[in-house]
Amino acid sequence: MISKKLSLLAIAAFLLAGCTMIPKYTRPEAPIPAVWPNGPAYKETPSTQGAPVAADLQWREFFADERLQTIVATALKNNRDLRVAALNVEKARALYRIRRAELLPVVEATGSGLKERAVENFFGVPVAGVVEQYSVNLGVTSWEIDFFGRIRSLEKRALEEYFATEQGRRSAQILLVSEVANAYLTLAADRENLLLAQSTLESQRVSYNLIRRRHEVGLAPQLDLRQVQTRVDAARVDVARFTNLASQDENALNLLVGSPVPADMLPEALGAVTPPRDVSAGLSSEVLLNRPDILQAENLLKAANADIGAARAAFFPVISLTTAIGTQSGDLSGLFKSGTFAWSYGPQIVLPIFDARTWSALKVTKVQREIAVAQYERAIQGAFRDVADALSQRGTLGDQMEAQQSLVDATADTYRLSNARYAKGTDIYLNVLDAQRSLYAAQQGLITIRLAKLTNQVRLYAVLGGGWTPISPAPVSLSGFKDT
């Protein structure tokens, strides 16, 4: 009879285990335009027309520079922040296992022994004496049968939090790839600025020695000598400054990589770096919905939605079951003899009558879901702005670079003509210094714009969701687990 009851309860629990009170989830409408902004700042260039979509391009295909590829691969293995993100995924997976296991009964084996002296007529003992009792049982203690889906709702929340943690790891990888690339490019730019400053210092020293000799024979005034001295000192300051910046850039790159980068892997100058590939943003802003940070926000929204189901289930009875089978005997030696079989069966139902906290708890879960909706929509809006800003910058950097290159060419000609006029004695040296300062500033500006163009390509690739790929160790999978 008892086995029949247990079977019926088990069948009922199985049939109702899939029932939950979680509200039906509907993805909120994206609060952004369906297409990217259009205007003078967003014009396409020939190199971007027909370019692949960022999310479809692996980072090894995007970065054409071989040394940068090696550095990024090393960072993905050694970076501690990414390692912490991967361990957080393992932790969330274990927590999900714990929550899922609560659907199943916990079977325990227990053994106990009791020996005491009882007085006469106490608890049915006819005469005073020593009482012994021994038992061994196998059973289930307080197994909550999830008729109304409370545990199932909590399991759903844990599953979505696990997915959110996995998406967070993907976001961390995308961020790491872009940061390593930007640190590499910044180091290349500062090293090129250092080479420019060293070249300028060398040319100014040559000019200083020439004017000093002319001053010594009375062909140049002392003012010319002091003016060229200022340019020598200014160049020395820049050499020291860019030497320091390049050293700091190298330290930043080493930190991101997680280990010192060999000297032969570092870029000599920005001009020696192979540019990354151009990518397309696609025709629709819907591609943003597949960005890991937005998927993470959506998973947290689904987790908040599942909390409502658990809060609703708190209004309904909690049914639990305690069962045990085993042997009992008043003598330890006779514990497993015939006639000592014993069993117990104790179902329990707790029906909430009045608890004002349940209504407040339900209100909290609903408000939390609204907060999660707002955070999800804000994540989409932030992503849209990131892409729009990157597209705007890309649309104008080409014109900036073309104009800056023309400025460098013009100031180089001005500097050459001023030098020639001064050598013939038809111009003062102040004009030569002005031309040289303009040329130096124009060359530095060109390096800055080239760096901005390369980092813009990296940023656009990252904000469009590019840069994620499975790494070693492979991301944790839900093998054997299904969202029911």
# chains A, B, ... in the order shown; residues from 1 in each chain; ligands from 1
call {"tool": "select_by_dssp", "arguments": {"residues": "range 43-169 of chain A", "states": "strand (DSSP E or B)", "output": "VMD selection string"}}
result
chain A and resid 53 107 to 118 122 125 129 to 145
call {"tool": "write_last_selection", "arguments": {"atoms": "N, CA and C atoms", "output": "compact mmCIF listing (two decimals), in the first residue's frame"}}
result
# COMPACT_ATOMS: atom_id res chain seq x y z
N VAL A 53 30.83 41.90 -42.10
CA VAL A 53 30.22 42.32 -40.84
C VAL A 53 31.15 41.93 -39.69
N VAL A 107 18.37 11.41 -0.68
CA VAL A 107 18.27 10.10 -0.03
C VAL A 107 19.45 9.94 0.90
N GLU A 108 19.16 9.62 2.18
CA GLU A 108 20.21 9.50 3.18
C GLU A 108 20.05 8.20 3.94
N ALA A 109 21.18 7.67 4.33
CA ALA A 109 21.20 6.49 5.19
C ALA A 109 21.62 6.94 6.59
N THR A 110 20.85 6.54 7.58
CA THR A 110 21.13 6.96 8.95
C THR A 110 21.14 5.74 9.85
N GLY A 111 22.00 5.79 10.82
CA GLY A 111 22.04 4.75 11.86
C GLY A 111 22.03 5.42 13.22
N SER A 112 21.34 4.83 14.16
CA SER A 112 21.26 5.43 15.49
C SER A 112 21.19 4.34 16.55
N GLY A 113 21.62 4.70 17.73
CA GLY A 113 21.56 3.78 18.86
C GLY A 113 21.20 4.54 20.12
N LEU A 114 20.45 3.91 20.99
CA LEU A 114 20.01 4.56 22.23
C LEU A 114 20.07 3.53 23.36
N LYS A 115 20.65 3.95 24.44
CA LYS A 115 20.73 3.10 25.63
C LYS A 115 20.55 4.01 26.84
N GLU A 116 19.47 3.72 27.65
CA GLU A 116 19.19 4.56 28.80
C GLU A 116 18.50 3.75 29.89
N ARG A 117 18.56 4.27 31.08
CA ARG A 117 17.85 3.64 32.19
C ARG A 117 16.51 4.34 32.36
N ALA A 118 15.43 3.58 32.33
CA ALA A 118 14.08 4.13 32.45
C ALA A 118 13.49 3.73 33.80
N PHE A 122 7.31 4.44 33.20
CA PHE A 122 7.61 5.67 32.43
C PHE A 122 7.69 5.31 30.96
N VAL A 125 7.21 1.53 30.23
CA VAL A 125 8.13 0.52 30.74
C VAL A 125 7.57 -0.03 32.05
N GLY A 129 14.59 -0.26 34.57
CA GLY A 129 15.67 -1.01 33.95
C GLY A 129 16.31 -0.23 32.82
N VAL A 130 17.25 -0.90 32.15
CA VAL A 130 17.98 -0.28 31.04
C VAL A 130 17.28 -0.62 29.73
N VAL A 131 17.01 0.42 28.92
CA VAL A 131 16.33 0.25 27.64
C VAL A 131 17.33 0.48 26.52
N GLU A 132 17.35 -0.40 25.54
CA GLU A 132 18.21 -0.26 24.36
C GLU A 132 17.34 -0.22 23.11
N GLN A 133 17.78 0.62 22.16
CA GLN A 133 17.06 0.70 20.88
C GLN A 133 18.06 1.05 19.79
N TYR A 134 18.04 0.28 18.70
CA TYR A 134 18.96 0.49 17.58
C TYR A 134 18.16 0.50 16.28
N SER A 135 18.62 1.33 15.32
CA SER A 135 17.90 1.38 14.04
C SER A 135 18.86 1.78 12.93
N VAL A 136 18.54 1.28 11.74
CA VAL A 136 19.23 1.67 10.50
C VAL A 136 18.14 1.97 9.48
N ASN A 137 18.18 3.19 8.89
CA ASN A 137 17.11 3.60 7.98
C ASN A 137 17.69 4.20 6.70
N LEU A 138 16.93 4.01 5.63
CA LEU A 138 17.22 4.64 4.36
C LEU A 138 15.98 5.41 3.95
N GLY A 139 16.12 6.73 3.74
CA GLY A 139 14.91 7.48 3.44
C GLY A 139 15.16 8.88 2.94
N VAL A 140 14.05 9.59 2.81
CA VAL A 140 14.03 10.96 2.30
C VAL A 140 13.52 11.86 3.40
N THR A 141 14.23 12.96 3.63
CA THR A 141 13.84 13.90 4.69
C THR A 141 13.35 15.20 4.08
N SER A 142 12.11 15.52 4.31
CA SER A 142 11.51 16.82 3.93
C SER A 142 11.78 17.17 2.46
N TRP A 143 11.39 16.29 1.57
CA TRP A 143 11.51 16.58 0.12
C TRP A 143 10.31 17.43 -0.30
N GLU A 144 10.57 18.64 -0.76
CA GLU A 144 9.50 19.52 -1.22
C GLU A 144 9.12 19.14 -2.65
N ILE A 145 7.87 18.74 -2.81
CA ILE A 145 7.38 18.40 -4.14
C ILE A 145 6.92 19.69 -4.82
call {"tool": "residues_around", "arguments": {"residues": "range 231-236 of chain A", "least_positions_apart": "5", "cutoff": "6 Å", "atoms": "only C-alpha atoms", "output": "JSON list (two decimals) with N, CA and C atoms, in the first residue's frame"}}
result
[["chain", "number", "residue", "atom", "x", "y", "z"],
["A", 197, "ALA", "N", 60.96, 63.11, -32.77],
["A", 197, "ALA", "CA", 61.62, 64.06, -31.87],
["A", 197, "ALA", "C", 63.13, 63.90, -31.92],
["A", 201, "LEU", "N", 65.67, 66.73, -33.07],
["A", 201, "LEU", "CA", 66.78, 67.15, -32.20],
["A", 201, "LEU", "C", 68.10, 67.10, -32.95],
["A", 204, "GLN", "N", 68.28, 70.01, -35.40],
["A", 204, "GLN", "CA", 68.45, 71.28, -34.69],
["A", 204, "GLN", "C", 69.85, 71.43, -34.13]]
call {"tool": "residues_around", "arguments": {"residues": "Thr26 in chain A", "least_positions_apart": "5", "cutoff": "12 Å", "atoms": "only C-alpha atoms", "output": "ChimeraX atom specification"}}
result
/A:298,301-302,305,373
call {"tool": "write_last_selection", "arguments": {"atoms": "N, CA and C atoms", "output": "compact mmCIF listing (two decimals), in the first residue's frame"}}
result
# COMPACT_ATOMS: atom_id res chain seq x y z
N GLU A 298 19.73 40.98 -21.22
CA GLU A 298 18.48 40.26 -21.46
C GLU A 298 18.37 39.02 -20.58
N LEU A 301 17.27 40.11 -17.31
CA LEU A 301 15.84 40.43 -17.37
C LEU A 301 15.01 39.14 -17.26
N LYS A 302 15.42 38.09 -17.94
CA LYS A 302 14.71 36.81 -17.84
C LYS A 302 14.81 36.24 -16.43
N ASN A 305 12.36 38.00 -14.38
CA ASN A 305 11.03 37.51 -14.73
C ASN A 305 10.73 36.18 -14.03
N VAL A 373 14.21 45.74 -17.18
CA VAL A 373 13.80 46.21 -18.51
C VAL A 373 14.49 47.52 -18.85
call {"tool": "select_by_dssp", "arguments": {"residues": "range 130-335 of chain A", "states": "helix (DSSP H, G or I)", "output": "NGL selection string"}}
result
:A and (150-216 or 222-257 or 263-265 or 270-272 or 285-290 or 292-313 or 332-334)
call {"tool": "write_last_selection", "arguments": {"atoms": "C-alpha atoms", "output": "compact mmCIF listing (two decimals), in the first residue's frame"}}
result
# COMPACT_ATOMS: atom_id res chain seq x y z
CA ARG A 150 8.66 27.53 -6.85
CA ILE A 151 11.86 25.54 -7.16
CA ARG A 152 11.49 25.40 -10.95
CA SER A 153 11.29 29.20 -11.06
CA LEU A 154 14.40 29.53 -8.92
CA GLU A 155 16.15 27.03 -11.19
CA LYS A 156 15.18 29.14 -14.21
CA ARG A 157 16.63 32.22 -12.54
CA ALA A 158 19.89 30.41 -11.79
CA LEU A 159 20.08 29.23 -15.40
CA GLU A 160 19.63 32.75 -16.77
CA GLU A 161 22.21 34.10 -14.33
CA TYR A 162 24.59 31.42 -15.59
CA PHE A 163 23.97 32.52 -19.18
CA ALA A 164 24.47 36.16 -18.14
CA THR A 165 27.83 35.29 -16.59
CA GLU A 166 28.88 33.54 -19.78
CA GLN A 167 27.92 36.60 -21.82
CA GLY A 168 29.90 38.72 -19.35
CA ARG A 169 32.95 36.60 -20.07
CA ARG A 170 32.47 37.15 -23.79
CA SER A 171 32.23 40.90 -23.23
CA ALA A 172 35.41 40.76 -21.17
CA GLN A 173 37.19 39.00 -24.02
CA ILE A 174 36.04 41.55 -26.59
CA LEU A 175 37.17 44.36 -24.30
CA LEU A 176 40.54 42.70 -23.72
CA VAL A 177 41.18 42.19 -27.44
CA SER A 178 40.41 45.84 -28.20
CA GLU A 179 42.45 47.13 -25.25
CA VAL A 180 45.49 45.07 -26.25
CA ALA A 181 45.22 46.33 -29.83
CA ASN A 182 44.86 49.96 -28.69
CA ALA A 183 47.82 49.64 -26.31
CA TYR A 184 49.90 48.15 -29.13
CA LEU A 185 48.95 50.97 -31.52
CA THR A 186 49.50 53.66 -28.89
CA LEU A 187 52.97 52.28 -28.22
CA ALA A 188 53.69 52.32 -31.96
CA ALA A 189 52.52 55.95 -32.23
CA ASP A 190 54.58 57.13 -29.26
CA ARG A 191 57.64 55.33 -30.60
CA GLU A 192 57.15 57.06 -33.95
CA ASN A 193 56.79 60.39 -32.14
CA LEU A 194 60.03 59.56 -30.32
CA LEU A 195 61.79 58.89 -33.63
CA LEU A 196 60.46 62.18 -34.97
CA ALA A 197 61.62 64.06 -31.87
CA GLN A 198 65.08 62.45 -32.08
CA SER A 199 65.33 63.32 -35.77
CA THR A 200 64.25 66.90 -35.05
CA LEU A 201 66.78 67.15 -32.20
CA GLU A 202 69.56 65.93 -34.47
CA SER A 203 68.70 68.44 -37.22
CA GLN A 204 68.45 71.28 -34.69
CA ARG A 205 71.84 70.40 -33.27
CA VAL A 206 73.30 70.57 -36.76
CA SER A 207 71.67 73.99 -37.24
CA TYR A 208 72.93 75.13 -33.84
CA ASN A 209 76.52 74.14 -34.61
CA LEU A 210 76.33 75.87 -38.00
CA ILE A 211 74.96 79.13 -36.57
CA ARG A 212 77.38 78.99 -33.66
CA ARG A 213 80.29 78.90 -36.08
CA ARG A 214 78.77 81.75 -38.10
CA HIS A 215 78.26 83.71 -34.89
CA GLU A 216 81.88 83.18 -33.89
CA GLN A 222 73.56 86.25 -31.07
CA LEU A 223 69.76 86.35 -31.37
CA ASP A 224 69.88 83.66 -34.06
CA LEU A 225 72.07 81.52 -31.83
CA ARG A 226 69.69 81.83 -28.88
CA GLN A 227 66.65 81.17 -31.06
CA VAL A 228 68.05 77.94 -32.43
CA GLN A 229 69.06 76.97 -28.88
CA THR A 230 65.39 77.13 -27.85
CA ARG A 231 64.48 74.63 -30.55
CA VAL A 232 67.26 72.29 -29.44
CA ASP A 233 66.03 72.38 -25.85
CA ALA A 234 62.40 71.94 -26.93
CA ALA A 235 63.38 68.87 -28.95
CA ARG A 236 65.28 67.47 -25.96
CA VAL A 237 62.14 67.88 -23.83
CA ASP A 238 60.08 66.00 -26.41
CA VAL A 239 62.62 63.19 -26.61
CA ALA A 240 62.47 62.72 -22.84
CA ARG A 241 58.66 62.97 -22.84
CA PHE A 242 58.09 60.41 -25.57
CA THR A 243 60.72 58.10 -24.09
CA ASN A 244 58.68 58.12 -20.88
CA LEU A 245 55.37 57.64 -22.73
CA ALA A 246 56.72 54.72 -24.73
CA SER A 247 57.96 53.08 -21.53
CA GLN A 248 54.56 53.52 -19.88
CA ASP A 249 52.83 52.17 -22.99
CA GLU A 250 55.01 49.09 -22.84
CA ASN A 251 54.17 48.59 -19.15
CA ALA A 252 50.44 48.90 -19.92
CA LEU A 253 50.74 46.34 -22.71
CA ASN A 254 52.62 43.93 -20.43
CA LEU A 255 49.86 44.22 -17.83
CA LEU A 256 47.15 43.45 -20.37
CA VAL A 257 49.07 40.53 -21.82
CA ALA A 263 61.26 43.23 -27.44
CA ASP A 264 61.22 41.78 -30.95
CA MET A 265 57.40 41.62 -30.79
CA LEU A 270 53.09 53.26 -36.34
CA GLY A 271 54.03 53.19 -40.01
CA ALA A 272 55.37 49.64 -39.56
CA SER A 285 20.85 48.25 -36.00
CA GLU A 286 19.29 44.89 -35.09
CA VAL A 287 22.82 43.44 -35.10
CA LEU A 288 23.29 45.07 -31.69
CA LEU A 289 20.89 42.58 -30.11
CA ASN A 290 23.58 39.93 -30.49
CA PRO A 292 27.29 39.96 -25.51
CA ASP A 293 26.62 42.83 -23.09
CA ILE A 294 23.07 43.23 -24.45
CA LEU A 295 22.49 39.48 -24.29
CA GLN A 296 23.76 39.61 -20.71
CA ALA A 297 21.24 42.33 -19.86
CA GLU A 298 18.48 40.26 -21.46
CA ASN A 299 19.46 37.17 -19.47
CA LEU A 300 19.27 39.20 -16.26
CA LEU A 301 15.84 40.43 -17.37
CA LYS A 302 14.71 36.81 -17.84
CA ALA A 303 16.12 35.98 -14.40
CA ALA A 304 14.08 38.81 -12.86
CA ASN A 305 11.03 37.51 -14.73
CA ALA A 306 11.57 34.04 -13.24
CA ASP A 307 11.69 35.55 -9.74
CA ILE A 308 8.07 36.59 -10.17
CA GLY A 309 7.11 32.94 -10.63
CA ALA A 310 8.81 32.00 -7.34
CA ALA A 311 7.09 34.90 -5.55
CA ARG A 312 3.70 33.84 -6.90
CA ALA A 313 4.25 30.25 -5.81
CA LEU A 332 22.30 -4.57 18.39
CA SER A 333 22.97 -8.20 17.44
CA GLY A 334 19.39 -8.66 16.28
call {"tool": "closest_residue", "arguments": {"among": "A:Ala356, A:Ile371, A:Met21, A:Val458", "to": "Gly149 in chain A", "atoms": "only C-alpha atoms"}}
result
A:Met21
call {"tool": "atom_distance", "arguments": {"atom1": "CA of Leu82 in chain A", "atom2": "CA of Arg291 in chain A"}}
result
17.6 Å
call {"tool": "closest_residue", "arguments": {"among": "A:Leu87, A:Leu439, A:Ile349, A:Ala372", "to": "Pro28 in chain A", "atoms": "only C-alpha atoms"}}
result
A:Ala372
call {"tool": "atom_distance", "arguments": {"atom1": "CA of Gln328 in chain A", "atom2": "CA of Tyr345 in chain A"}}
result
15.5 Å
call {"tool": "atom_distance", "arguments": {"atom1": "CA of Ala379 in chain A", "atom2": "CA of Val463 in chain A"}}
result
11.9 Å
call {"tool": "residues_around", "arguments": {"residues": "Phe341 in chain A", "least_positions_apart": "2", "cutoff": "8 Å", "atoms": "only C-alpha atoms", "output": "ChimeraX atom specification"}}
result
/A:325-328,338-339,343
call {"tool": "residues_around", "arguments": {"residues": "Lys424 in chain A", "least_positions_apart": "6", "cutoff": "12 Å", "atoms": "only C-alpha atoms", "output": "PyMOL selection string"}}
result
chain A and resi 219+417-418
